[in-house]
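Notes to accompany the following structure.
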2 protein chains.
Amino acid sequence: MEKKDIIVIGGGPSGWMSAFVAKKEYGEKSVLLIRAEEKVLIPCAIPYIFRRIGTIDKNLLSDEPLQKADVEIINGKVNSINRENKTITLDKEEFEYDKLILAIGASPIVPKLEGKDLENVYTIDKDPDYIRELSNKLKSAKNVLIVGGGYIGIEFADELRKNGSNVTIVEMMAHCLEAAHGEEYCNLAQEELQKTGVQLRVNKKAMRFMGNGKVEKVVLDDGEEIECDLVLLAIGAKPNAELAEKAGVKTSKYGICVNEYMQTSDPDIFAIGDCAETFSFFTKKPINLRLASIASIEARIAGANLYEKRRKNEGAIAVYSTCIGQPGVCFGAARMNETEAKNADFEYYSGEMTTIDKHPGAVGEARKMRIKLLFEKATGYLIGGQVTGGPTSAEILNSIAALIDGRKNIEDVITFQAGTHPLNTPSPLTYPLNRAAEDAKYSNMS
Amino acid sequence: MEKKDIIVIGGGPSGWMSAFVAKKEYGEKSVLLIRAEEKVLIPCAIPYIFRRIGTIDKNLLSDEPLQKADVEIINGKVNSINRENKTITLDKEEFEYDKLILAIGASPIVPKLEGKDLENVYTIDKDPDYIRELSNKLKSAKNVLIVGGGYIGIEFADELRKNGSNVTIVEMMAHCLEAAHGEEYCNLAQEELQKTGVQLRVNKKAMRFMGNGKVEKVVLDDGEEIECDLVLLAIGAKPNAELAEKAGVKTSKYGICVNEYMQTSDPDIFAIGDCAETFSFFTKKPINLRLASIASIEARIAGANLYEKRRKNEGAIAVYSTCIGQPGVCFGAARMNETEAKNADFEYYSGEMTTIDKHPGAVGEARKMRIKLLFEKATGYLIGGQVTGGPTSAEILNSIAALIDGRKNIEDVITFQAGTHPLNTPSPLTYPLNRAAEDAKYSNMS
């Protein structure tokens, strides 16, 4: 039986990055990455394959940096872990490990509804063959019904609508994006979807899929029947924790349990990305959050901690964005949002600023931009931001993330030294981070 | 004689913002803003008036927020300050003040060269009438020579070239942008200028302007003669410190001296923006830096400190960008750059990352992006970044500024939780802030 110093199971962003970092941090150790797929999809871009990208072959993670870093890659499915012997078993092989990283992702949740197994009812799986088939069908789909109005749901909806399909989103919460945004930004995003003709059914549940072999309609809880020739189930994913569980590694409903070094209950086994528990930067409690960006940071933490505790996880600031509508309007958040703050008993005050993303507008191509910031009352700390606007919105969110990470308070944000330029940013007098913080301060003082 | 609680002299960005903030912070006080101009130009957009904007009327600061905030605005030139009586004298009026803010800007440096008074030799003044005249002439200028290859110089050069003029920049340093960037990024910017046909003369001095009434040619120190029908002098500006100096307020070659509360040697007089000394966030020493963004932050500090010390100036992180070439390529820095670090005896190591600003590139409209980060050797602190790329570059610089401001070190930047999205940002695996920090770490370890 061959022995590898470090074995990574899973080839998605977290597996990729942990192998890369492990080799950089511990260059003398052998690193083996085992993945189920021959090639790995860039997961966040799955909604863009059928239209913008055109083919899954242009949406693959590159192995080149791993190969250059001398990471060995093999294909295979790991069936079990023997922690006592420190071995893993594949269909035909066995390896001994010194340190093991589990980066085995999450699987789409399939609701237990009648008709869920009809032809043309799809989930958002990450298996390349499955996504190839789905993408091919989406190219010519006429009526598509999407169950779940989260980010992935609305991205598929927007792309499908732009491709000429009739699209209906069924969301059981009061708004699309409720987990991502406060009510105000949910409404703004819904307006963009509706402008392009996406149909929304909020506060509604899909109860039954009907059809003769192939799906033909969906029945909602209020009795409405919606015709469709394709259904997408986009109601979230659950961590792949079974492999760890079977091996006696501790898990919870949030995934494989980890400490702040990304170490599981077995000190030689680490877990990262969608299969692992993620805890909040703000509350330090577990949260439901599956982002490739967070996965890649958890990977950097685990990869560095294998033989020595070098990096500590301070918890996730959920930072994400999307782009929908015509012309592309970005929405994004660096969280906490209003709902989350309320649920966690964080008293906050908020401030807003609406401006344009160049100055003066007469330089041309300026886009409207709107920012909302949340500050904790007790400490003044910046605890969240939401942005909607043009192409720079997502990077402004990253400034918000950096300010949150720096434990900046409202006075710090008011005097934050953003650089400005007529062709690149809002004006120094309307720069929305400073001004939204001022709005929060002065509208709460008076 | 009328008394005002707070008088701001100067209507540019710093004056505007200090009046706005003073009124927000001390709502019960009367605030008077006195400015020389009827209307105030947005200074940073001056290079864009003659082509993109078309007319100075579309490049004016809005008075509306000031009026709404109940700031009184009058036009006039302040000739003297009497600190004993706490009065200021205009041509026909006198006011008593309780607190005075000097926001009186800087004036273009005019080299003492033969022929500098010829017709069609211009500086970059901020007087609207002067700029109107200049902009009108630029619209039809055939051969333009620009003395000074700083940001303003290259912005005029780029716009003029795009407008069909023949343009030559004469720069006495070895590269354009030497004060702004290290050699590497100076070269990249020069390449963009040259691609569009801008002629460069670096390591050269303009010695003499010649012509019969109107400028016709410029003679360089190596004897070269360059024909031109218009000359722009863009070699910097010197602080307008005379008014303060005459009143016995302390000044230096960097401008009106101020403490960390933006207070001058007279505790009732504050100075901000281009007329005031600015000191470095890194070295805490005075630096030559005139940015509207910094001016607006100094204004927020002064405006809050008039009656109570509420805000402290931690020093300027110089953050700025520009956009030149075809299609617009952004260049920018959050400083220290290499030259500055060397001059200040900061030992540093650097890391770089080149990527694209969407992912995968097949989603369309992706632009190349290149980032360089500098970390101080002794502490690991991030001390600077330079970016070149597409439209999101300037906001990425602002993330760098936020990370610098948060005193983040190389490990913090490697694990910085940037949000990513296929249509909005680079991929989580190539996000250039993380990866440039990793490059700095791992290329310096081996």
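Order determines the names: the first chain of the structure tokens is A, the second B, and so forth; residues in each chain are numbered 1 upward, and ligands are numbered 1 upward as they are shown.
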For the interface of chain A with chain B (cut-off 6 Å, counting only C-alpha atoms), please tabulate each contacting residue of chain A alongside its nearest pair of atoms and their separation in Å to one decimal, rows sorted by chain and increasing number, as CSV.
residue,atom,partner,partner_atom,distance
A:Ala45,CA,B:Pro422,CA,5.7
A:Arg52,CA,B:Val363,CA,5.3
A:Ile53,CA,B:Val363,CA,5.2
A:Ser293,CA,B:Pro428,CA,5.0
A:Ile297,CA,B:Thr415,CA,5.5
A:Val319,CA,B:Gly419,CA,4.6
A:Tyr320,CA,B:Gly419,CA,4.8
A:Ala362,CA,B:Ile53,CA,5.2
A:Val363,CA,B:Ile53,CA,5.2
A:Thr392,CA,B:Thr392,CA,5.0
A:Glu395,CA,B:Glu395,CA,5.6
A:Ile396,CA,B:Glu395,CA,5.8
A:Asn398,CA,B:Ala418,CA,5.4
A:Ser399,CA,B:Ser399,CA,4.2
A:Ala402,CA,B:Ala402,CA,5.7
A:Leu403,CA,B:Ala402,CA,5.8
A:Gly406,CA,B:Gly406,CA,4.5
A:Thr415,CA,B:Ile297,CA,5.5
A:Ala418,CA,B:Asn398,CA,5.4
A:Gly419,CA,B:Val319,CA,4.5
A:Pro422,CA,B:Ala45,CA,5.7
A:Pro428,CA,B:Ser293,CA,5.0
Next, dump the selected residues to file, keeping only N, CA and C atoms, as a compact mmCIF listing (two decimals), in the first residue's frame.
# COMPACT_ATOMS: atom_id res chain seq x y z
N ALA A 45 -20.07 29.20 -11.88
CA ALA A 45 -20.42 29.60 -13.24
C ALA A 45 -21.38 28.62 -13.90
N ARG A 52 -23.99 31.94 -21.95
CA ARG A 52 -22.80 32.75 -22.16
C ARG A 52 -21.57 31.94 -22.53
N ILE A 53 -21.37 30.85 -21.78
CA ILE A 53 -20.14 30.08 -21.95
C ILE A 53 -20.29 29.10 -23.10
N SER A 293 -15.73 31.11 -2.34
CA SER A 293 -14.73 32.04 -1.79
C SER A 293 -14.36 31.64 -0.37
N ILE A 297 -10.73 30.02 1.31
CA ILE A 297 -10.03 30.56 2.50
C ILE A 297 -9.88 29.46 3.55
N VAL A 319 -19.59 37.09 2.00
CA VAL A 319 -19.50 38.16 0.98
C VAL A 319 -19.81 37.54 -0.37
N TYR A 320 -20.80 38.06 -1.04
CA TYR A 320 -21.18 37.45 -2.32
C TYR A 320 -21.92 38.48 -3.15
N ALA A 362 -21.49 63.23 -16.60
CA ALA A 362 -21.25 63.62 -17.99
C ALA A 362 -20.00 62.99 -18.60
N VAL A 363 -19.14 62.34 -17.81
CA VAL A 363 -17.99 61.64 -18.44
C VAL A 363 -18.46 60.43 -19.23
N THR A 392 -18.67 47.74 -10.77
CA THR A 392 -17.69 47.82 -9.68
C THR A 392 -18.28 47.42 -8.33
N GLU A 395 -16.58 44.69 -6.12
CA GLU A 395 -15.29 45.05 -5.50
C GLU A 395 -15.49 46.06 -4.37
N ILE A 396 -16.53 46.88 -4.46
CA ILE A 396 -16.85 47.76 -3.33
C ILE A 396 -17.27 46.91 -2.13
N ASN A 398 -16.06 44.13 -1.46
CA ASN A 398 -14.82 43.62 -0.88
C ASN A 398 -14.14 44.66 0.00
N SER A 399 -14.28 45.93 -0.33
CA SER A 399 -13.80 46.97 0.60
C SER A 399 -14.58 46.91 1.91
N ALA A 402 -13.25 44.15 3.88
CA ALA A 402 -11.96 44.49 4.49
C ALA A 402 -12.15 45.41 5.69
N LEU A 403 -13.11 46.31 5.61
CA LEU A 403 -13.38 47.21 6.74
C LEU A 403 -13.99 46.44 7.92
N GLY A 406 -11.28 44.52 9.50
CA GLY A 406 -10.41 45.41 10.27
C GLY A 406 -11.08 45.96 11.52
N THR A 415 -14.28 58.28 7.81
CA THR A 415 -12.99 58.85 7.38
C THR A 415 -12.14 57.84 6.61
N ALA A 418 -10.83 56.21 0.77
CA ALA A 418 -11.01 55.62 -0.55
C ALA A 418 -10.38 56.53 -1.60
N GLY A 419 -9.74 55.94 -2.57
CA GLY A 419 -9.26 56.71 -3.70
C GLY A 419 -10.38 56.90 -4.71
N PRO A 422 -12.56 60.33 -11.71
CA PRO A 422 -13.77 60.56 -12.52
C PRO A 422 -14.20 59.36 -13.35
N PRO A 428 -15.27 62.02 -4.61
CA PRO A 428 -14.87 62.02 -3.19
C PRO A 428 -15.96 62.59 -2.29
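Residues within 7 Å of segment 188-205 of chain B, counting only C-alpha atoms and excluding same-chain residues fewer than 6 positions away, are Ala157, Asp158, Arg161, Val167, Thr168, Ile169, Val170, Glu171, Met172, Met173, Ala174, His175, Cys176, Leu220, Asp221 and Gly325 of chain B.
Going from atom CA of Glu72 of chain A to atom CA of Met1 of chain A covers 16.3 Å.
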I need the strand (DSSP E) residues of segment 198-430 of chain A per DSSP on the backbone, written as a compact mmCIF listing (two decimals) with C-alpha atoms, in the first residue's frame.
# COMPACT_ATOMS: atom_id res chain seq x y z
CA GLN A 199 -42.58 35.49 -13.27
CA LEU A 200 -42.44 35.30 -9.50
CA ARG A 201 -44.54 33.23 -7.12
CA VAL A 202 -43.43 34.12 -3.61
CA ALA A 206 -44.46 23.66 -5.21
CA MET A 207 -46.50 20.63 -4.11
CA ARG A 208 -46.51 18.24 -7.05
CA PHE A 209 -44.87 17.72 -10.42
CA MET A 210 -47.11 16.15 -13.04
CA LYS A 217 -46.81 21.06 -15.03
CA VAL A 218 -46.27 21.99 -11.42
CA VAL A 219 -49.03 22.37 -8.85
CA LEU A 220 -48.57 25.02 -6.15
CA GLU A 225 -51.00 24.92 -12.01
CA ILE A 226 -48.04 26.12 -14.06
CA GLU A 227 -47.09 24.50 -17.33
CA LEU A 230 -38.30 21.69 -17.42
CA VAL A 231 -38.03 22.07 -13.65
CA LEU A 232 -34.94 23.19 -11.77
CA LEU A 233 -34.75 22.43 -8.07
CA ALA A 237 -27.55 21.74 -0.62
CA LYS A 238 -26.62 19.55 2.30
CA PRO A 239 -23.04 18.77 3.34
CA THR A 251 -20.57 15.85 12.43
CA SER A 252 -23.57 18.11 12.95
CA GLY A 255 -21.53 19.46 8.27
CA ILE A 256 -18.33 17.89 9.51
CA ILE A 269 -8.19 14.89 9.56
CA PHE A 270 -9.23 18.34 8.36
CA ALA A 271 -12.49 19.35 6.68
CA THR A 278 -18.73 27.16 8.83
CA PHE A 279 -19.11 29.59 11.69
CA PRO A 286 -22.42 27.80 12.87
CA ILE A 287 -24.18 29.22 9.82
CA VAL A 319 -19.50 38.16 0.98
CA TYR A 320 -21.18 37.45 -2.32
CA SER A 321 -22.75 39.11 -5.32
CA THR A 322 -24.61 38.41 -8.49
CA CYS A 323 -25.49 40.22 -11.70
CA ILE A 324 -28.93 40.11 -13.28
CA VAL A 329 -27.26 45.10 -12.36
CA CYS A 330 -25.14 43.78 -9.52
CA PHE A 331 -26.54 42.88 -6.13
CA GLY A 332 -24.38 41.81 -3.27
CA ALA A 333 -23.86 41.72 0.43
CA ALA A 334 -21.11 41.50 2.98
CA TYR A 348 -27.93 48.07 14.71
CA TYR A 349 -28.41 51.34 12.93
CA SER A 350 -28.13 51.72 9.20
CA GLY A 351 -27.26 54.36 6.65
CA GLU A 352 -27.67 54.62 2.90
CA MET A 353 -26.24 56.45 -0.06
CA THR A 354 -27.31 56.55 -3.66
CA THR A 355 -24.89 57.97 -6.19
CA ILE A 356 -23.30 57.20 -9.56
CA LYS A 368 -26.44 54.28 -10.52
CA MET A 369 -25.11 52.75 -7.31
CA ARG A 370 -26.81 52.28 -3.99
CA ILE A 371 -25.21 51.21 -0.74
CA LYS A 372 -26.56 50.39 2.68
CA LEU A 373 -24.37 49.88 5.73
CA LEU A 374 -25.21 48.39 9.11
CA PHE A 375 -23.42 49.30 12.34
CA GLU A 376 -23.78 47.59 15.67
CA LEU A 382 -19.49 47.95 10.83
CA ILE A 383 -21.34 44.63 10.65
CA GLY A 384 -22.66 44.56 7.13
CA GLY A 385 -23.18 46.17 3.79
CA GLN A 386 -25.36 45.69 0.74
CA VAL A 387 -24.68 47.12 -2.69
CA THR A 388 -26.55 47.35 -5.95
CA GLY A 389 -25.19 49.00 -9.05
With a cut-off of 12 Å, could you pull out the residues of segment 35-127 of chain B touching segment 244-249 of chain B and give me the nearest pair of atoms for each, distance in Å to one decimal, using only C-alpha atoms, ordered by chain and ascending number, as CSV?
residue,atom,partner,partner_atom,distance
B:Val78,CA,B:Ala244,CA,11.0
B:Asn79,CA,B:Lys246,CA,9.9
B:Ser80,CA,B:Ala247,CA,7.1
B:Ile81,CA,B:Ala247,CA,5.7
B:Asn82,CA,B:Ala247,CA,6.5
B:Arg83,CA,B:Ala247,CA,6.8
B:Glu84,CA,B:Ala247,CA,9.6
B:Asn85,CA,B:Ala247,CA,11.6
B:Lys86,CA,B:Ala247,CA,10.8
B:Thr87,CA,B:Ala247,CA,10.9
B:Ile88,CA,B:Ala247,CA,10.2
B:Thr89,CA,B:Ala247,CA,11.7
B:Leu100,CA,B:Ala244,CA,11.1
B:Ile101,CA,B:Ala244,CA,10.8
B:Leu102,CA,B:Ala244,CA,8.2
B:Ala103,CA,B:Ala244,CA,10.8
B:Ile104,CA,B:Ala244,CA,9.9
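Minimum atom-to-atom distance to Ile6 of chain A, evaluated using only C-alpha atoms, belongs to A:Gly303 out of A:Gly303, A:Gly153, A:Pro111, A:Gly76.
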**Item:** In segment 112-357 of chain B, DSSP helix (DSSP H, G or I) residues written as JSON, numbers by chain
**Value:** {"B": [128, 129, 130, 131, 132, 133, 134, 135, 136, 137, 138, 139, 151, 152, 153, 154, 155, 156, 157, 158, 159, 160, 161, 162, 183, 184, 185, 186, 187, 188, 189, 190, 191, 192, 193, 194, 195, 242, 243, 244, 245, 246, 273, 274, 275, 292, 293, 294, 295, 296, 297, 298, 299, 300, 301, 302, 303, 304, 305, 338, 339, 340, 341, 342, 343]}
Written selection (C-alpha atoms) as a tab-separated table (two decimals), in the first residue's frame:
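As a result, selection-v4.tsv now contains:
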chain	number	residue	atom	x	y	z
B	128	PRO	CA	-13.61	78.19	-14.44
B	129	ASP	CA	-13.04	81.00	-16.95
B	130	TYR	CA	-9.45	79.98	-17.50
B	131	ILE	CA	-10.41	76.32	-17.95
B	132	ARG	CA	-13.24	77.26	-20.30
B	133	GLU	CA	-10.79	79.09	-22.51
B	134	LEU	CA	-8.25	76.27	-22.34
B	135	SER	CA	-10.85	73.60	-23.06
B	136	ASN	CA	-12.13	75.45	-26.08
B	137	LYS	CA	-8.63	75.72	-27.49
B	138	LEU	CA	-7.86	72.06	-26.81
B	139	LYS	CA	-10.84	70.93	-28.86
B	151	TYR	CA	-1.31	61.76	-13.64
B	152	ILE	CA	-2.80	65.04	-14.87
B	153	GLY	CA	-0.28	65.29	-17.67
B	154	ILE	CA	-0.92	61.81	-18.99
B	155	GLU	CA	-4.69	62.21	-18.67
B	156	PHE	CA	-4.62	65.31	-20.85
B	157	ALA	CA	-2.25	63.53	-23.22
B	158	ASP	CA	-4.53	60.52	-23.56
B	159	GLU	CA	-7.67	62.59	-24.10
B	160	LEU	CA	-5.96	64.87	-26.60
B	161	ARG	CA	-4.62	61.92	-28.54
B	162	LYS	CA	-8.06	60.33	-28.62
B	183	GLU	CA	9.36	51.58	-12.28
B	184	GLU	CA	7.41	48.49	-13.36
B	185	TYR	CA	4.00	50.17	-13.43
B	186	CYS	CA	5.46	53.37	-14.88
B	187	ASN	CA	6.64	51.30	-17.82
B	188	LEU	CA	3.26	49.61	-18.22
B	189	ALA	CA	1.51	52.98	-18.27
B	190	GLN	CA	4.00	54.39	-20.76
B	191	GLU	CA	3.34	51.42	-23.05
B	192	GLU	CA	-0.39	52.24	-23.06
B	193	LEU	CA	0.33	55.87	-23.91
B	194	GLN	CA	2.66	54.91	-26.72
B	195	LYS	CA	0.17	52.40	-28.16
B	242	GLU	CA	0.17	83.22	1.95
B	243	LEU	CA	-3.10	84.23	3.59
B	244	ALA	CA	-2.22	82.16	6.65
B	245	GLU	CA	1.41	83.21	6.62
B	246	LYS	CA	0.53	86.91	6.57
B	273	GLY	CA	-6.83	70.05	1.52
B	274	ASP	CA	-4.18	71.30	-0.88
B	275	CYS	CA	-3.23	74.36	1.21
B	292	ALA	CA	-9.42	65.54	-3.64
B	293	SER	CA	-10.09	62.28	-1.82
B	294	ILE	CA	-7.62	63.09	0.95
B	295	ALA	CA	-8.90	66.67	1.04
B	296	SER	CA	-12.43	65.41	1.65
B	297	ILE	CA	-11.25	63.22	4.54
B	298	GLU	CA	-9.20	66.04	6.09
B	299	ALA	CA	-12.37	68.12	5.78
B	300	ARG	CA	-14.34	65.52	7.70
B	301	ILE	CA	-11.70	65.55	10.42
B	302	ALA	CA	-11.52	69.34	10.70
B	303	GLY	CA	-15.28	69.79	10.48
B	304	ALA	CA	-15.78	67.48	13.45
B	305	ASN	CA	-13.00	68.97	15.58
B	338	GLU	CA	8.78	50.74	-4.24
B	339	THR	CA	10.61	54.06	-4.59
B	340	GLU	CA	8.88	55.62	-1.62
B	341	ALA	CA	9.54	52.56	0.57
B	342	LYS	CA	13.23	52.58	-0.36
B	343	ASN	CA	13.54	56.30	0.31
**Ile74 of chain B surroundings by only C-alpha atoms, 12 Å radius, close-in-sequence under 4 positions cut, as a count of residues only** = 20
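Note that the spacing between atom CA of Ser280 of chain B and atom CA of Asp345 of chain B amounts to 14.0 Å.
Proximity to Lys284 of chain B was assessed for B:Ile73, B:Ala234, B:Ala344, B:Ala22 counting only C-alpha atoms; the smallest distance is recorded for B:Ala344.
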**Two-atom distance - atom CA of Ser18 of chain A, atom CA of Asn444 of chain B (Å)** = 20.1 Å
